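Right, one structure below, let's go through it.
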Amino acid sequence: MESIVAEGLTKRFNGLTAVDGLSFKVEQGEIFGLLGPNGAGKTTTIRMLASLIRPTEGNAYVGGFSVRDDALRVREIIGILTENPSLYERLSAQENLDFFARAYGVDEAATRSGRIRELLEFFDLWDRRGDRAGTFSKGMKQKLALARALVHQPSILYLDEPTSGLDPKSAKDIRDLMERLSQREGQTILLSTHRLEDAERLCDRVMIINRGAAVSVASPRELRQRATGAHVVRVGLREATEALIRAAEAAEGVKAVEVKDGVLSITLAGEGYTPGLVRGLVEAGGSVMYVAPLEVSLEEAYLKVIGGK
Amino acid sequence: MFRKDLSEVARNWEVMAPMILLPVIISVLIPAIVALVPDSMNGSSGGNILDTILPNLPEDVRLKLSPLPEGLQVMYVMLVYYFAPFFLIIPLMVSSVISSDSFAGEKERKTIEALLAAPFTDSELLMGKILVAFAPSVGVTLLGFTLYTVMVDVLTLGRFGFLLLPNLTWLVMILCLAPATSLLGIGATVIISSRVKGFREAQQLSALMVVPVLALLFGQASGFLVLGPTVLLVLTALVLVVDAALFGVGVSLFNREKILSQSH
């Protein structure tokens with residue numbers, strides 16, 4: 001079931017195209033990443049999907065509701081972590097969450113206070129619940145803003161740089177939370193991030209946007225493979241003899257074999273030829289220590305895709 | 001939203017300071033100076049006030065004042081008529097300051113995006129913001145008027161032998177014209193806030209709304225008009241017409257997209 005369907009989503013500001021005909025689908029429970037350089041159109045895309053701004057052309061359906069025609073319903077079912085924490089700094093952490101819980105229709109006092117306590121405890125803010133948000137560190141504000149996005153248990157979450165400003169432990173907690181929300185609670189997450197390690201670890205698929213247009217939509221692994229070009233595996237042998245090199249060259253699907261420091265780098269016609277290659281080496285008397293696909297990192301793949309490298 | 005904004009306002013000294021100081025100056029200091037320094041009312045300036053305002057006062061008031069010494073006549077005119085327009089400055093300033101903080105302040109503090117993303121309709125957002133400026137401004141005006149009435153009566157009862165306030169003129173002004181004036185301040189600020197980025201800028205421009213009130217003050221001081229119940233009801237009707245026009249423009253200018261673009 002699709003949580004988000006974008007169809008030719010376009011936004012122009014004074015003749016300048018910020019988002020140019022984006023079309024994509026996000027399945028329920030999927031973590032979908034938006035990657036792109038500054039000014040690529042990620043925040044504008046999120047704002048259109050949150051019915052905060054109206055698309056110039058195209059439409060999107062969030063939980064089945066049109067961002068153009070059912071803006072209020074869209075806003076009801078989403079939780080959003082905005083680019084800025086957008087916290088009321090003169091109000092306490094608890095007051096901030098209480099206001100937004102009420103705004104999102106969590107009317108029953110016991111439910112509201114229970115949910116607020118659960119979130120503040122999870123984000124290690126319970127002891128500071130009565131303190132004004134303005135006295136919080138950047139990381140604490142980010143956590144409180146994330147708690148606000150979750151306070152009404154939305155089925156769809158938009159997170160704009162959720163781990164920005166967080167220490168490694170807090171960033172890991174947030175990543176773990178996103179995984180839990182997606183896998184156990186079936187929440188759909190649209191994640192806009194510059195942190196490619198977050199995208200790599202969390203996202204089922206990522207869309208790379210550049211100058212408002214989608215450059216690529218794929219899983220992080222597919223992106224890396226595409227950037228790598230051919231399918232290359234590194235095979236570590238106890239001893240890389242000539243006989244074993246010839247056996248590797250003779251295996252089905254092998255296009256090229258290189259040897260460096262006793263490790264074979266073998267270019268295959270496809271991933272499916274790997275078991276046959278390993279079998280051939282073992283039958284030739286080789287002791288295979290490890291087999292690892294050789295791929296570029298997501299960062300390298302990303303830079304290649306957006307033309308930075 | 002009303003409760004949230006009210007909590008925020010109560011913790012902002014830039015908003016609270018004028019809300020407290022203005023009524024204190026107008027309701028306590030001014031009557032205290034006028035009532036406690038009666039000799040100052042006997043000079044040539046006192047005579048001028050009587051020359052310009054007294055002839056325009058209703059017959060029953062002139063008859064009531066005629067047996068009194070000139071100093072007390074001047075005191076009566078000043079406390080009951082001359083300072084009345086000051087009580088229109090209170091709702092105007094308080095509503096402008098609060099709505100500047102509430103509209104332009106949210107943009108300035110970059111809190112507006114999460115608010116706009118919440119499931120509020122445009123009219124709910126606007127009504128919440130209007131109410132949070134309207135209710136305290138009317139409340140502060142009523143409180144100020146009560147304080148002024150008590151101060152004036154306590155300080156003057158011994159000399160006059162009767163209570164100066166409240167009277168019908170003041171009740172019409174406080175209960176009809178002051179709320180309409182509060183809406184005038186809010187309406188103007190809604191429009192101003194849609195054009196500016198910051199709280200102070202909005203507040204400074206909203207302060208220009210005091211000009212019509214000053215015109216009333218000078219109009220009365222020059223003997224051009226006297227604020228009686230009928231005049232005040234006519235003014236209320238006029239102000240309400242202007243309010244409706246301002247809110248019409250304000251609502252048409254309320255554009256989430258524009259607000260968001262201004263907050264970055």
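Simple scheme: letters A, B, ... for chains in structure tokens order, numbers from 1 for residues in each chain, numbers from 1 for ligands in the order shown.
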
> Quick one: DSSP strand (DSSP E or B) residues in region 55-214 of chain A, as an NGL selection string?
Replying inline: :A and (57-62 or 65-66 or 78-81 or 92 or 132 or 156-160 or 188-192 or 205-210 or 213-214)

Can those selected residues be exported to a file as a short mmCIF file (atom, residue, chain, number, x, y, z; two decimals), in the first residue's frame so that it contains C-alpha atoms?
data_model
loop_
_atom_site.label_atom_id
_atom_site.label_comp_id
_atom_site.auth_asym_id
_atom_site.auth_seq_id
_atom_site.Cartn_x
_atom_site.Cartn_y
_atom_site.Cartn_z
CA GLU A 57 1.91 21.95 -11.11
CA GLY A 58 1.27 18.30 -10.35
CA ASN A 59 -0.18 16.78 -7.23
CA ALA A 60 0.68 14.39 -4.45
CA TYR A 61 -1.43 12.04 -2.37
CA VAL A 62 -0.46 11.50 1.23
CA PHE A 65 -5.40 12.65 0.56
CA SER A 66 -4.52 15.23 -2.06
CA ILE A 78 1.60 13.55 9.17
CA GLY A 79 4.22 14.43 11.75
CA ILE A 80 6.88 16.85 10.63
CA LEU A 81 10.32 17.75 11.89
CA SER A 92 8.65 24.53 28.74
CA ARG A 132 11.96 26.57 28.98
CA ILE A 156 3.59 9.28 8.10
CA LEU A 157 6.65 11.19 9.27
CA TYR A 158 8.63 13.84 7.43
CA LEU A 159 12.04 14.36 8.97
CA ASP A 160 14.28 17.15 7.74
CA THR A 188 6.30 5.64 6.71
CA ILE A 189 9.26 7.98 6.97
CA LEU A 190 10.38 10.54 4.45
CA LEU A 191 13.90 11.44 5.46
CA SER A 192 15.74 14.43 4.09
CA ARG A 205 15.25 3.65 -1.12
CA VAL A 206 16.68 7.08 -1.73
CA MET A 207 15.88 9.71 -4.30
CA ILE A 208 18.72 11.97 -5.29
CA ILE A 209 17.50 15.42 -6.27
CA ASN A 210 19.58 18.02 -8.03
CA ALA A 213 14.74 17.26 -10.51
CA ALA A 214 15.01 13.59 -9.54
#

>> Residues within 7 Å of region 146-153 of chain A, please, as a list of chain:residue names. Count only C-alpha atoms; anything in the same chain fewer than 2 positions from it doesn't count.
In response: A:Gly79, A:Ile80, A:Leu81, A:Leu97, A:Phe100, A:Ala101, A:Tyr104, A:Val106, A:Arg115, A:Ile116, A:Leu119, A:Gln142, A:Lys143, A:Leu144, A:Ser155

Could you write out the selected residues, including C-alpha atoms, as a PDB file, in the first residue's frame?
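As a result, out_27.pdb now contains:
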ATOM      1  CA  GLY A  79       4.220  14.431  11.746  1.00  0.00           C
ATOM      2  CA  ILE A  80       6.885  16.849  10.631  1.00  0.00           C
ATOM      3  CA  LEU A  81      10.317  17.748  11.887  1.00  0.00           C
ATOM      4  CA  LEU A  97       4.386  19.076  23.505  1.00  0.00           C
ATOM      5  CA  PHE A 100       0.945  20.394  19.728  1.00  0.00           C
ATOM      6  CA  ALA A 101      -0.717  17.269  21.136  1.00  0.00           C
ATOM      7  CA  TYR A 104      -3.288  17.384  16.610  1.00  0.00           C
ATOM      8  CA  VAL A 106      -4.983  14.272  21.347  1.00  0.00           C
ATOM      9  CA  ARG A 115       2.340  10.128  25.560  1.00  0.00           C
ATOM     10  CA  ILE A 116       4.295  13.263  26.497  1.00  0.00           C
ATOM     11  CA  LEU A 119       8.471  10.750  24.589  1.00  0.00           C
ATOM     12  CA  GLN A 142      16.319  18.815  18.082  1.00  0.00           C
ATOM     13  CA  LYS A 143      15.152  15.954  20.275  1.00  0.00           C
ATOM     14  CA  LEU A 144      12.219  17.986  21.583  1.00  0.00           C
ATOM     15  CA  SER A 155       1.277   7.249  10.352  1.00  0.00           C
TER      16      SER A 155
END

> So which one's closest to chain B, A:Ala133, A:Leu22, A:Val235, A:Ile266? Using only C-alpha atoms, please.
Replying inline: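 Going through A:Ala133, A:Leu22, A:Val235, A:Ile266 one by one, the smallest distance to chain B is for A:Ala133.
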
Give the helix (DSSP H, G or I) residues of region 95-256 of chain B, as assigned by DSSP on the backbone, as a PDB file with C-alpha atoms, in the first residue's frame.
ATOM      1  CA  SER B  95      -3.501  44.932  21.207  1.00  0.00           C
ATOM      2  CA  SER B  96      -0.813  46.174  18.787  1.00  0.00           C
ATOM      3  CA  VAL B  97       2.043  44.999  20.983  1.00  0.00           C
ATOM      4  CA  ILE B  98       0.520  41.564  21.554  1.00  0.00           C
ATOM      5  CA  SER B  99      -0.496  41.001  17.961  1.00  0.00           C
ATOM      6  CA  SER B 100       2.919  42.191  16.725  1.00  0.00           C
ATOM      7  CA  ASP B 101       4.492  39.558  18.960  1.00  0.00           C
ATOM      8  CA  SER B 102       1.941  36.968  17.979  1.00  0.00           C
ATOM      9  CA  PHE B 103       2.057  37.451  14.198  1.00  0.00           C
ATOM     10  CA  ALA B 104       5.414  39.002  13.278  1.00  0.00           C
ATOM     11  CA  GLY B 105       7.125  37.536  16.378  1.00  0.00           C
ATOM     12  CA  GLU B 106       6.351  33.963  15.307  1.00  0.00           C
ATOM     13  CA  LYS B 107       7.956  34.639  11.950  1.00  0.00           C
ATOM     14  CA  GLU B 108      10.975  36.262  13.555  1.00  0.00           C
ATOM     15  CA  ILE B 112       5.718  29.604  12.461  1.00  0.00           C
ATOM     16  CA  GLU B 113       6.482  26.566  10.292  1.00  0.00           C
ATOM     17  CA  ALA B 114       5.479  23.967  12.883  1.00  0.00           C
ATOM     18  CA  LEU B 115       2.354  25.984  13.653  1.00  0.00           C
ATOM     19  CA  LEU B 116       1.387  26.230   9.980  1.00  0.00           C
ATOM     20  CA  ALA B 117       2.020  22.493   9.588  1.00  0.00           C
ATOM     21  CA  ASP B 122      -6.667  29.645   8.272  1.00  0.00           C
ATOM     22  CA  SER B 123      -9.648  31.028  10.175  1.00  0.00           C
ATOM     23  CA  GLU B 124      -8.734  29.077  13.336  1.00  0.00           C
ATOM     24  CA  LEU B 125      -5.201  30.426  13.172  1.00  0.00           C
ATOM     25  CA  LEU B 126      -6.379  33.975  12.618  1.00  0.00           C
ATOM     26  CA  MET B 127      -9.110  33.834  15.263  1.00  0.00           C
ATOM     27  CA  GLY B 128      -6.705  32.403  17.832  1.00  0.00           C
ATOM     28  CA  LYS B 129      -4.206  35.142  17.155  1.00  0.00           C
ATOM     29  CA  ILE B 130      -6.858  37.876  17.180  1.00  0.00           C
ATOM     30  CA  LEU B 131      -8.417  36.615  20.399  1.00  0.00           C
ATOM     31  CA  VAL B 132      -5.103  36.490  22.208  1.00  0.00           C
ATOM     32  CA  ALA B 133      -4.568  40.177  21.476  1.00  0.00           C
ATOM     33  CA  PHE B 134      -8.176  41.254  21.952  1.00  0.00           C
ATOM     34  CA  ALA B 135      -8.974  39.657  25.314  1.00  0.00           C
ATOM     35  CA  PRO B 136      -5.966  41.000  27.268  1.00  0.00           C
ATOM     36  CA  SER B 137      -6.247  44.468  25.715  1.00  0.00           C
ATOM     37  CA  VAL B 138      -9.906  44.780  26.710  1.00  0.00           C
ATOM     38  CA  GLY B 139      -9.100  43.274  30.109  1.00  0.00           C
ATOM     39  CA  VAL B 140      -6.245  45.684  30.735  1.00  0.00           C
ATOM     40  CA  THR B 141      -8.439  48.605  29.620  1.00  0.00           C
ATOM     41  CA  LEU B 142     -11.216  47.581  32.031  1.00  0.00           C
ATOM     42  CA  LEU B 143      -8.699  47.140  34.800  1.00  0.00           C
ATOM     43  CA  GLY B 144      -7.142  50.511  34.011  1.00  0.00           C
ATOM     44  CA  PHE B 145     -10.530  52.196  33.953  1.00  0.00           C
ATOM     45  CA  THR B 146     -11.475  50.618  37.304  1.00  0.00           C
ATOM     46  CA  LEU B 147      -8.174  51.777  38.773  1.00  0.00           C
ATOM     47  CA  TYR B 148      -8.629  55.279  37.334  1.00  0.00           C
ATOM     48  CA  THR B 149     -12.208  55.492  38.657  1.00  0.00           C
ATOM     49  CA  VAL B 150     -11.142  54.438  42.141  1.00  0.00           C
ATOM     50  CA  MET B 151      -8.156  56.808  42.098  1.00  0.00           C
ATOM     51  CA  VAL B 152     -10.203  59.764  40.849  1.00  0.00           C
ATOM     52  CA  ASP B 153     -13.075  59.196  43.288  1.00  0.00           C
ATOM     53  CA  VAL B 154     -10.849  58.557  46.287  1.00  0.00           C
ATOM     54  CA  LEU B 155      -8.730  61.637  45.555  1.00  0.00           C
ATOM     55  CA  THR B 156     -11.596  64.005  44.719  1.00  0.00           C
ATOM     56  CA  LEU B 157     -14.646  62.940  46.723  1.00  0.00           C
ATOM     57  CA  GLY B 158     -13.663  65.144  49.670  1.00  0.00           C
ATOM     58  CA  ARG B 159     -13.398  68.253  47.494  1.00  0.00           C
ATOM     59  CA  PHE B 160     -16.359  67.731  45.173  1.00  0.00           C
ATOM     60  CA  LEU B 168     -22.405  57.187  30.967  1.00  0.00           C
ATOM     61  CA  THR B 169     -19.764  58.744  28.711  1.00  0.00           C
ATOM     62  CA  TRP B 170     -16.999  56.661  30.233  1.00  0.00           C
ATOM     63  CA  LEU B 171     -19.062  53.474  30.228  1.00  0.00           C
ATOM     64  CA  VAL B 172     -19.815  53.893  26.518  1.00  0.00           C
ATOM     65  CA  MET B 173     -16.174  54.605  25.826  1.00  0.00           C
ATOM     66  CA  ILE B 174     -14.816  51.661  27.808  1.00  0.00           C
ATOM     67  CA  LEU B 175     -17.458  49.112  26.834  1.00  0.00           C
ATOM     68  CA  CYS B 176     -18.015  50.107  23.181  1.00  0.00           C
ATOM     69  CA  LEU B 177     -15.294  52.324  21.707  1.00  0.00           C
ATOM     70  CA  ALA B 178     -12.333  50.721  23.525  1.00  0.00           C
ATOM     71  CA  PRO B 179     -13.055  47.159  22.260  1.00  0.00           C
ATOM     72  CA  ALA B 180     -13.604  48.557  18.747  1.00  0.00           C
ATOM     73  CA  THR B 181     -10.281  50.422  19.064  1.00  0.00           C
ATOM     74  CA  SER B 182      -8.582  47.216  20.208  1.00  0.00           C
ATOM     75  CA  LEU B 183      -9.792  45.504  17.022  1.00  0.00           C
ATOM     76  CA  LEU B 184      -8.466  48.476  15.048  1.00  0.00           C
ATOM     77  CA  GLY B 185      -4.994  47.902  16.506  1.00  0.00           C
ATOM     78  CA  ILE B 186      -5.170  44.179  15.775  1.00  0.00           C
ATOM     79  CA  GLY B 187      -6.476  44.642  12.240  1.00  0.00           C
ATOM     80  CA  ALA B 188      -3.730  47.125  11.419  1.00  0.00           C
ATOM     81  CA  THR B 189      -1.077  44.880  12.944  1.00  0.00           C
ATOM     82  CA  VAL B 190      -2.286  41.827  11.001  1.00  0.00           C
ATOM     83  CA  ILE B 191      -1.744  43.783   7.788  1.00  0.00           C
ATOM     84  CA  ILE B 192       1.557  45.276   8.915  1.00  0.00           C
ATOM     85  CA  SER B 193       2.814  41.878  10.128  1.00  0.00           C
ATOM     86  CA  SER B 194       2.133  40.337   6.738  1.00  0.00           C
ATOM     87  CA  ARG B 195       4.554  42.855   5.232  1.00  0.00           C
ATOM     88  CA  PHE B 199       8.280  42.030  15.961  1.00  0.00           C
ATOM     89  CA  ARG B 200       9.868  45.452  16.529  1.00  0.00           C
ATOM     90  CA  GLU B 201       9.260  46.628  12.981  1.00  0.00           C
ATOM     91  CA  ALA B 202       5.599  45.631  13.274  1.00  0.00           C
ATOM     92  CA  GLN B 203       5.304  47.285  16.672  1.00  0.00           C
ATOM     93  CA  GLN B 204       6.850  50.535  15.490  1.00  0.00           C
ATOM     94  CA  LEU B 205       4.544  50.772  12.502  1.00  0.00           C
ATOM     95  CA  SER B 206       1.516  49.821  14.603  1.00  0.00           C
ATOM     96  CA  ALA B 207       2.309  52.710  16.955  1.00  0.00           C
ATOM     97  CA  LEU B 208       1.181  55.035  14.145  1.00  0.00           C
ATOM     98  CA  MET B 209      -2.361  53.960  14.980  1.00  0.00           C
ATOM     99  CA  VAL B 210      -2.174  56.294  17.977  1.00  0.00           C
ATOM    100  CA  VAL B 211      -2.437  59.286  15.625  1.00  0.00           C
ATOM    101  CA  PRO B 212      -6.274  59.204  15.328  1.00  0.00           C
ATOM    102  CA  VAL B 213      -6.538  59.010  19.122  1.00  0.00           C
ATOM    103  CA  LEU B 214      -4.262  62.022  19.467  1.00  0.00           C
ATOM    104  CA  ALA B 215      -6.540  63.791  17.002  1.00  0.00           C
ATOM    105  CA  LEU B 216      -9.440  63.145  19.393  1.00  0.00           C
ATOM    106  CA  LEU B 217      -7.381  64.482  22.267  1.00  0.00           C
ATOM    107  CA  PHE B 218      -6.480  67.687  20.446  1.00  0.00           C
ATOM    108  CA  GLY B 219      -9.982  67.981  19.020  1.00  0.00           C
ATOM    109  CA  GLN B 220     -11.373  68.024  22.517  1.00  0.00           C
ATOM    110  CA  ALA B 221      -8.633  70.296  23.899  1.00  0.00           C
ATOM    111  CA  PRO B 229     -22.185  59.281  24.727  1.00  0.00           C
ATOM    112  CA  THR B 230     -23.636  60.109  21.296  1.00  0.00           C
ATOM    113  CA  VAL B 231     -20.296  61.170  19.823  1.00  0.00           C
ATOM    114  CA  LEU B 232     -18.681  58.029  21.244  1.00  0.00           C
ATOM    115  CA  LEU B 233     -21.362  55.750  19.786  1.00  0.00           C
ATOM    116  CA  VAL B 234     -20.924  57.379  16.370  1.00  0.00           C
ATOM    117  CA  LEU B 235     -17.158  56.955  16.677  1.00  0.00           C
ATOM    118  CA  THR B 236     -17.640  53.297  17.684  1.00  0.00           C
ATOM    119  CA  ALA B 237     -19.719  52.681  14.573  1.00  0.00           C
ATOM    120  CA  LEU B 238     -17.085  54.379  12.392  1.00  0.00           C
ATOM    121  CA  VAL B 239     -14.245  52.431  13.968  1.00  0.00           C
ATOM    122  CA  LEU B 240     -16.153  49.149  13.532  1.00  0.00           C
ATOM    123  CA  VAL B 241     -16.540  49.899   9.815  1.00  0.00           C
ATOM    124  CA  VAL B 242     -12.785  50.519   9.563  1.00  0.00           C
ATOM    125  CA  ASP B 243     -12.189  47.317  11.600  1.00  0.00           C
ATOM    126  CA  ALA B 244     -14.253  45.295   9.143  1.00  0.00           C
ATOM    127  CA  ALA B 245     -12.313  46.745   6.208  1.00  0.00           C
ATOM    128  CA  LEU B 246      -8.947  46.095   7.879  1.00  0.00           C
ATOM    129  CA  PHE B 247      -9.844  42.506   8.748  1.00  0.00           C
ATOM    130  CA  GLY B 248     -11.078  41.937   5.215  1.00  0.00           C
ATOM    131  CA  VAL B 249      -7.705  43.048   3.869  1.00  0.00           C
ATOM    132  CA  GLY B 250      -5.855  41.133   6.634  1.00  0.00           C
ATOM    133  CA  VAL B 251      -7.612  37.852   5.848  1.00  0.00           C
ATOM    134  CA  SER B 252      -6.940  38.250   2.137  1.00  0.00           C
ATOM    135  CA  LEU B 253      -3.244  38.816   2.915  1.00  0.00           C
ATOM    136  CA  ARG B 256       0.857  30.491   4.446  1.00  0.00           C
TER     137      ARG B 256
END

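Using only C-alpha atoms, one finds that the residues of chain B close to chain A, at 6 Å or less, are Glu8, Lys110, Thr111, Ala114, Ala118, Pro119 and Glu257 of chain B.
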